[in-house]
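Structure file start-v3.cif (mmCIF, C-alpha atoms) follows.
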data_structure
loop_
_atom_site.group_PDB
_atom_site.id
_atom_site.type_symbol
_atom_site.label_atom_id
_atom_site.label_comp_id
_atom_site.auth_asym_id
_atom_site.auth_seq_id
_atom_site.Cartn_x
_atom_site.Cartn_y
_atom_site.Cartn_z
ATOM 1 C CA MET Z 1 10.761 1.952 -24.250
ATOM 2 C CA HIS Z 2 7.164 3.004 -23.507
ATOM 3 C CA THR Z 3 5.949 6.318 -22.089
ATOM 4 C CA VAL Z 4 2.638 7.775 -20.910
ATOM 5 C CA THR Z 5 1.993 11.356 -19.807
ATOM 6 C CA LEU Z 6 -0.637 12.985 -17.586
ATOM 7 C CA ARG Z 7 -1.053 16.590 -16.512
ATOM 8 C CA VAL Z 8 -1.303 16.728 -12.700
ATOM 9 C CA GLY Z 9 -1.412 20.164 -11.141
ATOM 10 C CA LYS Z 10 1.135 22.485 -12.741
ATOM 11 C CA ASN Z 11 3.352 19.820 -14.343
ATOM 12 C CA ASP Z 12 3.215 16.739 -16.537
ATOM 13 C CA LEU Z 13 3.789 13.402 -14.851
ATOM 14 C CA ILE Z 14 5.734 11.146 -17.220
ATOM 15 C CA LEU Z 15 5.839 7.386 -16.582
ATOM 16 C CA GLU Z 16 8.413 5.452 -18.583
ATOM 17 C CA SER Z 17 9.255 1.750 -18.665
ATOM 18 C CA GLY Z 18 11.703 -0.346 -20.654
ATOM 19 C CA ARG Z 19 14.875 1.745 -20.523
ATOM 20 C CA MET Z 20 16.272 1.046 -17.033
ATOM 21 C CA ALA Z 21 16.297 -1.813 -14.497
ATOM 22 C CA LYS Z 22 15.397 -4.424 -17.106
ATOM 23 C CA GLN Z 23 16.263 -7.327 -14.797
ATOM 24 C CA ALA Z 24 13.588 -6.320 -12.278
ATOM 25 C CA ASN Z 25 10.153 -7.900 -12.480
ATOM 26 C CA GLY Z 26 8.844 -4.408 -13.133
ATOM 27 C CA ALA Z 27 10.396 -0.933 -13.290
ATOM 28 C CA VAL Z 28 9.030 2.554 -13.937
ATOM 29 C CA PHE Z 29 10.914 5.835 -14.202
ATOM 30 C CA ALA Z 30 8.655 8.736 -13.168
ATOM 31 C CA GLN Z 31 9.343 12.421 -13.851
ATOM 32 C CA TYR Z 32 7.432 15.384 -12.428
ATOM 33 C CA GLY Z 33 9.003 18.733 -13.232
ATOM 34 C CA GLY Z 34 12.671 18.337 -12.339
ATOM 35 C CA THR Z 35 11.989 15.565 -9.841
ATOM 36 C CA SER Z 36 12.583 11.965 -10.966
ATOM 37 C CA VAL Z 37 12.054 8.634 -9.221
ATOM 38 C CA LEU Z 38 13.027 5.149 -10.392
ATOM 39 C CA ALA Z 39 10.792 2.478 -8.839
ATOM 40 C CA THR Z 40 11.589 -1.212 -9.161
ATOM 41 C CA ALA Z 41 9.524 -4.230 -8.118
ATOM 42 C CA CYS Z 42 11.072 -7.666 -7.598
ATOM 43 C CA CYS Z 43 9.881 -10.971 -6.184
ATOM 44 C CA SER Z 44 11.573 -14.214 -5.218
ATOM 45 C CA ALA Z 45 11.985 -16.892 -7.868
ATOM 46 C CA LYS Z 46 9.958 -19.548 -6.029
ATOM 47 C CA PRO Z 47 6.991 -19.450 -3.637
ATOM 48 C CA VAL Z 48 7.489 -20.206 0.058
ATOM 49 C CA GLN Z 49 4.946 -22.786 1.155
ATOM 50 C CA GLY Z 50 2.729 -22.012 4.133
ATOM 51 C CA LEU Z 51 3.024 -18.214 4.278
ATOM 52 C CA ASP Z 52 -0.154 -16.705 5.721
ATOM 53 C CA TYR Z 53 0.847 -13.062 5.173
ATOM 54 C CA VAL Z 54 2.201 -10.851 2.391
ATOM 55 C CA PRO Z 55 6.023 -10.597 2.736
ATOM 56 C CA LEU Z 56 6.196 -7.097 1.227
ATOM 57 C CA GLN Z 57 9.146 -4.770 1.792
ATOM 58 C CA VAL Z 58 9.102 -1.132 0.640
ATOM 59 C CA GLU Z 59 12.379 0.809 0.712
ATOM 60 C CA TYR Z 60 12.045 4.432 -0.372
ATOM 61 C CA ASN Z 61 15.457 6.079 -0.869
ATOM 62 C CA GLU Z 62 16.410 9.750 -1.152
ATOM 63 C CA LYS Z 63 20.005 9.791 -2.353
ATOM 64 C CA TYR Z 64 22.182 12.824 -1.679
ATOM 65 C CA TYR Z 65 23.216 12.939 -5.328
ATOM 66 C CA ALA Z 66 19.588 13.574 -6.306
ATOM 67 C CA ALA Z 67 20.001 17.112 -4.951
ATOM 68 C CA GLY Z 68 23.548 17.482 -6.286
ATOM 69 C CA LYS Z 69 25.198 16.745 -2.953
ATOM 70 C CA ILE Z 70 27.984 14.307 -2.094
ATOM 71 C CA PRO Z 71 28.567 13.358 1.584
ATOM 72 C CA GLY Z 72 31.923 14.608 2.808
ATOM 73 C CA GLY Z 73 33.912 15.049 5.995
ATOM 74 C CA PHE Z 74 33.791 12.181 8.465
ATOM 75 C CA ILE Z 75 30.804 10.462 6.785
ATOM 76 C CA LYS Z 76 31.513 9.810 3.124
ATOM 77 C CA ARG Z 77 28.623 7.562 2.172
ATOM 78 C CA GLU Z 78 24.883 7.147 2.625
ATOM 79 C CA THR Z 79 23.876 6.112 6.152
ATOM 80 C CA ARG Z 80 20.820 4.360 7.588
ATOM 81 C CA PRO Z 81 17.342 5.390 6.336
ATOM 82 C CA LYS Z 82 16.255 8.841 7.469
ATOM 83 C CA ASP Z 83 12.950 9.331 9.299
ATOM 84 C CA LYS Z 84 11.501 10.911 6.147
ATOM 85 C CA GLU Z 85 12.395 7.834 4.089
ATOM 86 C CA ILE Z 86 10.793 5.489 6.631
ATOM 87 C CA LEU Z 87 7.598 7.556 6.740
ATOM 88 C CA VAL Z 88 7.321 7.704 2.944
ATOM 89 C CA SER Z 89 7.930 3.939 2.767
ATOM 90 C CA ARG Z 90 4.882 3.551 5.017
ATOM 91 C CA LEU Z 91 2.873 5.930 2.812
ATOM 92 C CA ILE Z 92 3.630 3.667 -0.152
ATOM 93 C CA ASP Z 93 3.050 0.433 1.762
ATOM 94 C CA ARG Z 94 -0.352 1.222 3.262
ATOM 95 C CA PRO Z 95 -2.509 1.624 0.127
ATOM 96 C CA MET Z 96 -0.648 -1.119 -1.786
ATOM 97 C CA ARG Z 97 -0.321 -3.970 0.741
ATOM 98 C CA PRO Z 98 -4.036 -4.973 0.799
ATOM 99 C CA LEU Z 99 -3.968 -5.343 -2.999
ATOM 100 C CA PHE Z 100 -1.462 -8.240 -2.939
ATOM 101 C CA SER Z 101 -2.753 -11.786 -2.500
ATOM 102 C CA LYS Z 102 -1.565 -13.979 0.372
ATOM 103 C CA ALA Z 103 -1.782 -16.863 -2.091
ATOM 104 C CA PHE Z 104 1.188 -15.474 -4.062
ATOM 105 C CA GLN Z 105 3.521 -16.586 -1.254
ATOM 106 C CA ARG Z 106 6.674 -14.927 -2.574
ATOM 107 C CA ASP Z 107 8.871 -12.236 -1.071
ATOM 108 C CA ILE Z 108 8.142 -8.883 -2.742
ATOM 109 C CA GLN Z 109 10.443 -5.875 -2.674
ATOM 110 C CA VAL Z 110 9.473 -2.438 -3.977
ATOM 111 C CA VAL Z 111 12.300 0.119 -4.105
ATOM 112 C CA PRO Z 112 11.532 3.694 -5.228
ATOM 113 C CA THR Z 113 14.768 5.706 -5.484
ATOM 114 C CA VAL Z 114 14.857 9.488 -5.949
ATOM 115 C CA VAL Z 115 17.445 10.115 -8.648
ATOM 116 C CA SER Z 116 16.746 13.819 -9.197
ATOM 117 C CA ALA Z 117 15.251 16.404 -6.827
ATOM 118 C CA ASP Z 118 14.568 19.894 -8.186
ATOM 119 C CA GLN Z 119 13.902 21.295 -4.680
ATOM 120 C CA VAL Z 120 10.510 22.509 -5.940
ATOM 121 C CA ASN Z 121 8.331 19.410 -6.371
ATOM 122 C CA PRO Z 122 8.254 16.865 -3.499
ATOM 123 C CA PRO Z 123 9.284 13.377 -4.649
ATOM 124 C CA ASP Z 124 7.160 11.374 -2.187
ATOM 125 C CA VAL Z 125 3.858 11.366 -4.114
ATOM 126 C CA VAL Z 126 5.789 10.774 -7.353
ATOM 127 C CA ALA Z 127 7.369 7.735 -5.690
ATOM 128 C CA MET Z 128 3.943 6.455 -4.607
ATOM 129 C CA VAL Z 129 2.654 6.493 -8.187
ATOM 130 C CA ALA Z 130 5.913 5.083 -9.580
ATOM 131 C CA ALA Z 131 5.839 2.207 -7.069
ATOM 132 C CA SER Z 132 2.275 1.290 -8.004
ATOM 133 C CA ALA Z 133 3.056 1.498 -11.722
ATOM 134 C CA ALA Z 134 6.183 -0.670 -11.342
ATOM 135 C CA VAL Z 135 4.204 -3.439 -9.657
ATOM 136 C CA PHE Z 136 1.247 -3.037 -12.020
ATOM 137 C CA VAL Z 137 3.328 -3.544 -15.182
ATOM 138 C CA SER Z 138 5.328 -6.390 -13.601
ATOM 139 C CA ASP Z 139 4.440 -10.088 -13.484
ATOM 140 C CA ILE Z 140 3.554 -9.827 -9.764
ATOM 141 C CA PRO Z 141 -0.206 -10.308 -9.166
ATOM 142 C CA PHE Z 142 -1.632 -6.988 -7.960
ATOM 143 C CA ASP Z 143 -5.216 -5.743 -7.683
ATOM 144 C CA GLY Z 144 -4.180 -2.162 -8.459
ATOM 145 C CA PRO Z 145 -3.358 0.306 -9.712
ATOM 146 C CA VAL Z 146 -3.043 2.920 -6.952
ATOM 147 C CA GLY Z 147 -2.966 6.672 -7.498
ATOM 148 C CA ALA Z 148 -1.701 9.258 -5.014
ATOM 149 C CA VAL Z 149 -1.654 13.066 -4.825
ATOM 150 C CA ARG Z 150 -0.966 15.737 -2.247
ATOM 151 C CA VAL Z 151 -3.659 18.381 -1.755
ATOM 152 C CA VAL Z 152 -3.146 21.640 0.147
ATOM 153 C CA SER Z 153 -5.292 24.649 0.943
ATOM 154 C CA TYR Z 154 -3.149 27.571 -0.233
ATOM 155 C CA LYS Z 155 -4.440 31.151 -0.093
ATOM 156 C CA GLY Z 156 -8.030 29.928 0.031
ATOM 157 C CA GLU Z 157 -7.721 27.538 -2.921
ATOM 158 C CA LEU Z 158 -7.179 23.803 -3.143
ATOM 159 C CA VAL Z 159 -3.979 22.893 -4.997
ATOM 160 C CA VAL Z 160 -2.994 19.406 -6.158
ATOM 161 C CA ASN Z 161 0.689 18.357 -5.993
ATOM 162 C CA PRO Z 162 1.917 21.740 -4.677
ATOM 163 C CA SER Z 163 5.503 22.972 -4.465
ATOM 164 C CA PHE Z 164 7.508 22.989 -1.232
ATOM 165 C CA GLU Z 165 6.841 26.729 -0.968
ATOM 166 C CA GLU Z 166 3.066 26.256 -1.231
ATOM 167 C CA ILE Z 167 3.150 23.430 1.321
ATOM 168 C CA ALA Z 168 5.009 25.617 3.826
ATOM 169 C CA ALA Z 169 2.356 28.362 3.550
ATOM 170 C CA ALA Z 170 -0.687 26.056 3.460
ATOM 171 C CA ASP Z 171 -3.187 25.701 6.315
ATOM 172 C CA LEU Z 172 -4.118 22.152 5.205
ATOM 173 C CA ASP Z 173 -1.735 19.528 3.832
ATOM 174 C CA ILE Z 174 -2.929 15.973 3.128
ATOM 175 C CA THR Z 175 -1.697 13.054 1.055
ATOM 176 C CA VAL Z 176 -4.518 11.031 -0.480
ATOM 177 C CA ALA Z 177 -4.227 7.613 -2.126
ATOM 178 C CA GLY Z 178 -6.820 5.373 -3.690
ATOM 179 C CA THR Z 179 -7.895 3.119 -6.512
ATOM 180 C CA GLU Z 180 -10.377 3.653 -9.310
ATOM 181 C CA LEU Z 181 -13.131 2.571 -6.916
ATOM 182 C CA GLY Z 182 -12.452 5.031 -4.107
ATOM 183 C CA ILE Z 183 -10.154 6.610 -1.531
ATOM 184 C CA THR Z 184 -8.166 4.134 0.568
ATOM 185 C CA MET Z 185 -5.741 6.320 2.568
ATOM 186 C CA VAL Z 186 -5.522 9.886 3.862
ATOM 187 C CA GLU Z 187 -2.634 11.290 5.882
ATOM 188 C CA GLY Z 188 -1.786 14.857 6.771
ATOM 189 C CA GLY Z 189 -2.551 17.759 9.047
ATOM 190 C CA GLY Z 190 -4.105 21.204 9.230
ATOM 191 C CA GLU Z 191 -4.172 24.432 11.201
ATOM 192 C CA GLN Z 192 -7.592 24.036 12.855
ATOM 193 C CA VAL Z 193 -9.366 23.909 9.492
ATOM 194 C CA PRO Z 194 -13.128 23.338 9.155
ATOM 195 C CA GLU Z 195 -14.255 19.764 8.666
ATOM 196 C CA GLN Z 196 -15.903 20.692 5.361
ATOM 197 C CA LEU Z 197 -12.567 21.906 3.966
ATOM 198 C CA LEU Z 198 -11.007 18.526 4.736
ATOM 199 C CA LEU Z 199 -13.904 16.719 3.049
ATOM 200 C CA ASP Z 200 -13.640 19.029 0.022
ATOM 201 C CA ALA Z 201 -9.880 18.352 -0.204
ATOM 202 C CA ILE Z 202 -10.405 14.585 -0.169
ATOM 203 C CA GLU Z 203 -13.089 14.854 -2.838
ATOM 204 C CA PHE Z 204 -10.800 17.181 -4.848
ATOM 205 C CA ALA Z 205 -8.196 14.390 -4.938
ATOM 206 C CA ARG Z 206 -10.604 11.800 -6.341
ATOM 207 C CA GLN Z 207 -10.431 12.786 -10.035
ATOM 208 C CA PRO Z 208 -6.608 13.076 -10.239
ATOM 209 C CA ILE Z 209 -6.313 9.675 -8.542
ATOM 210 C CA GLN Z 210 -8.658 8.099 -11.084
ATOM 211 C CA ASP Z 211 -6.661 9.713 -13.914
ATOM 212 C CA LEU Z 212 -3.409 8.346 -12.451
ATOM 213 C CA CYS Z 213 -4.934 4.863 -12.342
ATOM 214 C CA ARG Z 214 -6.041 5.253 -15.956
ATOM 215 C CA VAL Z 215 -2.571 6.166 -17.271
ATOM 216 C CA GLN Z 216 -1.058 3.237 -15.369
ATOM 217 C CA ARG Z 217 -3.498 0.962 -17.195
ATOM 218 C CA GLU Z 218 -2.397 2.568 -20.468
ATOM 219 C CA LEU Z 219 1.242 1.831 -19.590
ATOM 220 C CA ARG Z 220 0.360 -1.762 -18.707
ATOM 221 C CA ASP Z 221 -1.413 -2.179 -22.052
ATOM 222 C CA LEU Z 222 1.830 -1.081 -23.730
ATOM 223 C CA CYS Z 223 4.375 -3.123 -21.796
ATOM 224 C CA GLY Z 224 2.714 -5.168 -19.047
ATOM 225 C CA ARG Z 225 3.968 -8.699 -18.371
ATOM 226 C CA GLU Z 226 1.828 -11.787 -17.881
ATOM 227 C CA LYS Z 227 1.125 -12.317 -14.177
ATOM 228 C CA LEU Z 228 2.696 -15.197 -12.266
ATOM 229 C CA PRO Z 229 0.291 -17.829 -10.889
ATOM 230 C CA LEU Z 230 -1.011 -17.863 -7.334
ATOM 231 C CA VAL Z 231 -0.345 -20.894 -5.150
ATOM 232 C CA GLU Z 232 -3.488 -22.947 -4.755
ATOM 233 C CA ASP Z 233 -3.856 -24.379 -1.230
ATOM 234 C CA ALA Z 234 -5.543 -27.759 -1.543
ATOM 235 C CA ARG Z 235 -5.907 -28.131 2.222
ATOM 236 C CA SER Z 236 -9.305 -27.550 3.776
ATOM 237 C CA LEU Z 237 -10.520 -27.479 7.364
ATOM 238 C CA ALA Z 238 -12.495 -30.571 8.301
ATOM 239 C CA ALA Z 239 -16.096 -29.679 9.256
ATOM 240 C CA GLY Z 240 -15.287 -26.075 8.422
ATOM 241 C CA ASP Z 241 -18.888 -24.866 8.085
ATOM 242 C CA GLU Z 242 -19.936 -26.603 11.291
ATOM 243 C CA ILE Z 243 -16.998 -25.078 13.160
ATOM 244 C CA LEU Z 244 -17.840 -21.554 11.977
ATOM 245 C CA ASP Z 245 -21.528 -21.995 12.831
ATOM 246 C CA PHE Z 246 -20.517 -23.021 16.351
ATOM 247 C CA ALA Z 247 -17.930 -20.263 16.878
ATOM 248 C CA ARG Z 248 -19.591 -17.255 15.199
ATOM 249 C CA PRO Z 249 -22.214 -16.364 17.872
ATOM 250 C CA LYS Z 250 -19.617 -16.790 20.606
ATOM 251 C CA MET Z 251 -17.118 -14.630 18.668
ATOM 252 C CA GLU Z 252 -19.763 -11.935 18.064
ATOM 253 C CA HIS Z 253 -20.099 -11.621 21.829
ATOM 254 C CA ALA Z 254 -16.372 -11.891 22.649
ATOM 255 C CA CYS Z 255 -15.280 -9.217 20.149
ATOM 256 C CA PHE Z 256 -17.252 -6.538 22.012
ATOM 257 C CA VAL Z 257 -16.422 -7.317 25.623
ATOM 258 C CA LYS Z 258 -15.288 -4.089 27.289
ATOM 259 C CA GLY Z 259 -11.642 -3.813 28.258
ATOM 260 C CA LYS Z 260 -8.760 -4.654 25.945
ATOM 261 C CA MET Z 261 -7.186 -7.430 28.008
ATOM 262 C CA VAL Z 262 -10.561 -8.911 28.964
ATOM 263 C CA ARG Z 263 -11.634 -8.857 25.310
ATOM 264 C CA SER Z 264 -8.425 -10.587 24.176
ATOM 265 C CA ALA Z 265 -8.959 -13.281 26.803
ATOM 266 C CA ALA Z 266 -12.576 -13.754 25.688
ATOM 267 C CA ILE Z 267 -11.559 -14.158 22.033
ATOM 268 C CA LYS Z 268 -8.868 -16.666 22.998
ATOM 269 C CA ALA Z 269 -11.410 -18.567 25.087
ATOM 270 C CA VAL Z 270 -13.690 -18.905 22.033
ATOM 271 C CA ALA Z 271 -10.833 -20.393 20.011
ATOM 272 C CA ASP Z 272 -9.923 -22.777 22.844
ATOM 273 C CA GLU Z 273 -13.544 -23.863 23.317
ATOM 274 C CA THR Z 274 -13.922 -24.482 19.580
ATOM 275 C CA ARG Z 275 -10.724 -26.512 19.510
ATOM 276 C CA GLU Z 276 -11.918 -28.682 22.399
ATOM 277 C CA ARG Z 277 -15.407 -29.096 20.918
ATOM 278 C CA PHE Z 278 -14.029 -30.439 17.614
ATOM 279 C CA ALA Z 279 -10.869 -32.108 18.939
ATOM 280 C CA ASP Z 280 -11.898 -35.467 17.512
ATOM 281 C CA ARG Z 281 -12.007 -34.026 13.957
ATOM 282 C CA ILE Z 282 -9.046 -31.623 14.006
ATOM 283 C CA THR Z 283 -5.778 -33.387 13.299
ATOM 284 C CA GLU Z 284 -2.392 -32.023 14.276
ATOM 285 C CA GLU Z 285 -1.803 -30.936 10.670
ATOM 286 C CA GLN Z 286 -5.023 -28.898 10.715
ATOM 287 C CA GLU Z 287 -4.251 -26.898 13.857
ATOM 288 C CA ALA Z 288 -2.839 -24.068 11.726
ATOM 289 C CA LEU Z 289 -5.970 -24.080 9.550
ATOM 290 C CA LEU Z 290 -8.179 -23.815 12.627
ATOM 291 C CA ALA Z 291 -6.118 -20.927 14.024
ATOM 292 C CA ALA Z 292 -6.364 -19.128 10.668
ATOM 293 C CA ALA Z 293 -10.125 -19.746 10.566
ATOM 294 C CA MET Z 294 -10.533 -18.174 14.024
ATOM 295 C CA ASP Z 295 -8.481 -15.137 13.002
ATOM 296 C CA ASN Z 296 -10.526 -14.702 9.819
ATOM 297 C CA LEU Z 297 -13.762 -15.077 11.784
ATOM 298 C CA GLU Z 298 -12.698 -12.378 14.245
ATOM 299 C CA GLN Z 299 -11.843 -10.015 11.391
ATOM 300 C CA ASP Z 300 -15.134 -10.744 9.638
ATOM 301 C CA VAL Z 301 -17.199 -10.104 12.787
ATOM 302 C CA VAL Z 302 -15.503 -6.760 13.487
ATOM 303 C CA ARG Z 303 -15.609 -5.657 9.846
ATOM 304 C CA ARG Z 304 -19.299 -6.509 9.450
ATOM 305 C CA SER Z 305 -20.072 -4.607 12.634
ATOM 306 C CA ILE Z 306 -18.303 -1.499 11.297
ATOM 307 C CA LEU Z 307 -19.952 -1.648 7.881
ATOM 308 C CA ASP Z 308 -23.428 -2.877 8.823
ATOM 309 C CA ARG Z 309 -24.114 -1.696 12.360
#
Can you present the structure in this file as structure tokens?
Amino acid sequence: MHTVTLRVGKNDLILESGRMAKQANGAVFAQYGGTSVLATACCSAKPVQGLDYVPLQVEYNEKYYAAGKIPGGFIKRETRPKDKEILVSRLIDRPMRPLFSKAFQRDIQVVPTVVSADQVNPPDVVAMVAASAAVFVSDIPFDGPVGAVRVVSYKGELVVNPSFEEIAAADLDITVAGTELGITMVEGGGEQVPEQLLLDAIEFARQPIQDLCRVQRELRDLCGREKLPLVEDARSLAAGDEILDFARPKMEHACFVKGKMVRSAAIKAVADETRERFADRITEEQEALLAAAMDNLEQDVVRRSILDR
């Protein structure tokens, strides 16, 4: 059993691995005050050939027993996921999903389960860190780790990982996630707060997030498993460079046509024109590669426009 500890806000965050869920690819038990979350990460035994996306599933669970309650009356067991559980699952998914490789091509399931809730410290940000740590120490390839904290403006001061009481009285409440390199996600709300306060709150979260990433690396050094290999795709698009040179200027125009439906039609027309232009070199087996190349080109054009222009 291996444990690392970090002071975050008013309590110590304790990350432990090696005692529970030993059959999972990775598992971390996180404690913050009286709130505890067990996060497990599992993947399928074999890769699925041809996947062009990351088949990631995040299932955050808040069990009644975590708060000392047992369902009674007509309903005597846990029911479908509550809205809160779905929203927290998305909070966990968003900063983590881009850090998985499409080349892994295996189903991935991350399940953070709240096993103890002290009714003081919210379990959602604890679950976000536990989920990242579980994947990071596992044998699943992951370009993490990810750290996450909640920051509120309470009585004129910024507070990291506040209690439920402080959140209820705060005029700004945001959840911030990121890696060691920077902030990757912000979600929350405020009561007509100044823009500078929001910027200060995001910057206030940067150091705790970097510290959370550091302790996850310490835990991985203690008990991390060797990563599974990525699936190398030996296929390549015939005349790939020539195709991109032909399509790029047309795509740069089509991506900025005004009107959503008109723009979609213009982008599709570029793909169709490219397919016709190189029909003699694109075999039936390479149709999927051409479609993927057009999608990647569209993303690259839009991304470069945002970052450069």
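Between Z:Asp233 and the candidates Z:Ser305, Z:Ser17, Z:Asn11, Z:Gln49, the tightest atom-to-atom separation, counting all atoms listed in the file, involves Z:Gln49.
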One decimal place gives the atom CA of Z:Val115-atom CA of Z:Ala66 separation as 4.7 Å
Resolved residues for the PyMOL selection byres ((chain Z and resi 244-250) around 12) as a PDB file with C-alpha atoms, in the coordinates of the input:
ATOM      1  CA  LEU Z 237     -10.520 -27.479   7.364  1.00  0.00           C
ATOM      2  CA  ALA Z 238     -12.495 -30.571   8.301  1.00  0.00           C
ATOM      3  CA  ALA Z 239     -16.096 -29.679   9.256  1.00  0.00           C
ATOM      4  CA  GLY Z 240     -15.287 -26.075   8.422  1.00  0.00           C
ATOM      5  CA  ASP Z 241     -18.888 -24.866   8.085  1.00  0.00           C
ATOM      6  CA  GLU Z 242     -19.936 -26.603  11.291  1.00  0.00           C
ATOM      7  CA  ILE Z 243     -16.998 -25.078  13.160  1.00  0.00           C
ATOM      8  CA  MET Z 251     -17.118 -14.630  18.668  1.00  0.00           C
ATOM      9  CA  GLU Z 252     -19.763 -11.935  18.064  1.00  0.00           C
ATOM     10  CA  HIS Z 253     -20.099 -11.621  21.829  1.00  0.00           C
ATOM     11  CA  ALA Z 254     -16.372 -11.891  22.649  1.00  0.00           C
ATOM     12  CA  CYS Z 255     -15.280  -9.217  20.149  1.00  0.00           C
ATOM     13  CA  PHE Z 256     -17.252  -6.538  22.012  1.00  0.00           C
ATOM     14  CA  VAL Z 257     -16.422  -7.317  25.623  1.00  0.00           C
ATOM     15  CA  ALA Z 266     -12.576 -13.754  25.688  1.00  0.00           C
ATOM     16  CA  ILE Z 267     -11.559 -14.158  22.033  1.00  0.00           C
ATOM     17  CA  LYS Z 268      -8.868 -16.666  22.998  1.00  0.00           C
ATOM     18  CA  ALA Z 269     -11.410 -18.567  25.087  1.00  0.00           C
ATOM     19  CA  VAL Z 270     -13.690 -18.905  22.033  1.00  0.00           C
ATOM     20  CA  ALA Z 271     -10.833 -20.393  20.011  1.00  0.00           C
ATOM     21  CA  ASP Z 272      -9.923 -22.777  22.844  1.00  0.00           C
ATOM     22  CA  GLU Z 273     -13.544 -23.863  23.317  1.00  0.00           C
ATOM     23  CA  THR Z 274     -13.922 -24.482  19.580  1.00  0.00           C
ATOM     24  CA  ARG Z 275     -10.724 -26.512  19.510  1.00  0.00           C
ATOM     25  CA  GLU Z 276     -11.918 -28.682  22.399  1.00  0.00           C
ATOM     26  CA  ARG Z 277     -15.407 -29.096  20.918  1.00  0.00           C
ATOM     27  CA  PHE Z 278     -14.029 -30.439  17.614  1.00  0.00           C
ATOM     28  CA  LEU Z 290      -8.179 -23.815  12.627  1.00  0.00           C
ATOM     29  CA  ALA Z 291      -6.118 -20.927  14.024  1.00  0.00           C
ATOM     30  CA  ALA Z 292      -6.364 -19.128  10.668  1.00  0.00           C
ATOM     31  CA  ALA Z 293     -10.125 -19.746  10.566  1.00  0.00           C
ATOM     32  CA  MET Z 294     -10.533 -18.174  14.024  1.00  0.00           C
ATOM     33  CA  ASP Z 295      -8.481 -15.137  13.002  1.00  0.00           C
ATOM     34  CA  ASN Z 296     -10.526 -14.702   9.819  1.00  0.00           C
ATOM     35  CA  LEU Z 297     -13.762 -15.077  11.784  1.00  0.00           C
ATOM     36  CA  GLU Z 298     -12.698 -12.378  14.245  1.00  0.00           C
ATOM     37  CA  GLN Z 299     -11.843 -10.015  11.391  1.00  0.00           C
ATOM     38  CA  ASP Z 300     -15.134 -10.744   9.638  1.00  0.00           C
ATOM     39  CA  VAL Z 301     -17.199 -10.104  12.787  1.00  0.00           C
ATOM     40  CA  VAL Z 302     -15.503  -6.760  13.487  1.00  0.00           C
TER      41      VAL Z 302
END
Enumerate, as a PDB file with C-alpha atoms, in the frame of the given file, the residues matched when the PyMOL selection byres ((chain Z and resi 31) around 12) is run on the file above.
ATOM      1  CA  THR Z   3       5.949   6.318 -22.089  1.00  0.00           C
ATOM      2  CA  VAL Z   4       2.638   7.775 -20.910  1.00  0.00           C
ATOM      3  CA  THR Z   5       1.993  11.356 -19.807  1.00  0.00           C
ATOM      4  CA  LEU Z   6      -0.637  12.985 -17.586  1.00  0.00           C
ATOM      5  CA  ARG Z   7      -1.053  16.590 -16.512  1.00  0.00           C
ATOM      6  CA  VAL Z   8      -1.303  16.728 -12.700  1.00  0.00           C
ATOM      7  CA  ASN Z  11       3.352  19.820 -14.343  1.00  0.00           C
ATOM      8  CA  ASP Z  12       3.215  16.739 -16.537  1.00  0.00           C
ATOM      9  CA  LEU Z  13       3.789  13.402 -14.851  1.00  0.00           C
ATOM     10  CA  ILE Z  14       5.734  11.146 -17.220  1.00  0.00           C
ATOM     11  CA  LEU Z  15       5.839   7.386 -16.582  1.00  0.00           C
ATOM     12  CA  GLU Z  16       8.413   5.452 -18.583  1.00  0.00           C
ATOM     13  CA  SER Z  17       9.255   1.750 -18.665  1.00  0.00           C
ATOM     14  CA  VAL Z  28       9.030   2.554 -13.937  1.00  0.00           C
ATOM     15  CA  PHE Z  29      10.914   5.835 -14.202  1.00  0.00           C
ATOM     16  CA  ALA Z  30       8.655   8.736 -13.168  1.00  0.00           C
ATOM     17  CA  TYR Z  32       7.432  15.384 -12.428  1.00  0.00           C
ATOM     18  CA  GLY Z  33       9.003  18.733 -13.232  1.00  0.00           C
ATOM     19  CA  GLY Z  34      12.671  18.337 -12.339  1.00  0.00           C
ATOM     20  CA  THR Z  35      11.989  15.565  -9.841  1.00  0.00           C
ATOM     21  CA  SER Z  36      12.583  11.965 -10.966  1.00  0.00           C
ATOM     22  CA  VAL Z  37      12.054   8.634  -9.221  1.00  0.00           C
ATOM     23  CA  LEU Z  38      13.027   5.149 -10.392  1.00  0.00           C
ATOM     24  CA  ALA Z  39      10.792   2.478  -8.839  1.00  0.00           C
ATOM     25  CA  VAL Z 114      14.857   9.488  -5.949  1.00  0.00           C
ATOM     26  CA  VAL Z 115      17.445  10.115  -8.648  1.00  0.00           C
ATOM     27  CA  SER Z 116      16.746  13.819  -9.197  1.00  0.00           C
ATOM     28  CA  ALA Z 117      15.251  16.404  -6.827  1.00  0.00           C
ATOM     29  CA  ASP Z 118      14.568  19.894  -8.186  1.00  0.00           C
ATOM     30  CA  ASN Z 121       8.331  19.410  -6.371  1.00  0.00           C
ATOM     31  CA  PRO Z 122       8.254  16.865  -3.499  1.00  0.00           C
ATOM     32  CA  PRO Z 123       9.284  13.377  -4.649  1.00  0.00           C
ATOM     33  CA  ASP Z 124       7.160  11.374  -2.187  1.00  0.00           C
ATOM     34  CA  VAL Z 125       3.858  11.366  -4.114  1.00  0.00           C
ATOM     35  CA  VAL Z 126       5.789  10.774  -7.353  1.00  0.00           C
ATOM     36  CA  ALA Z 127       7.369   7.735  -5.690  1.00  0.00           C
ATOM     37  CA  VAL Z 129       2.654   6.493  -8.187  1.00  0.00           C
ATOM     38  CA  ALA Z 130       5.913   5.083  -9.580  1.00  0.00           C
TER      39      ALA Z 130
END
- Query: the PyMOL selection byres ((chain Z and resi 206) around 10) on the file shown: which residues, as a ChimeraX atom specification?
  - Reply: /Z:147-149,176-183,201-205,207-211
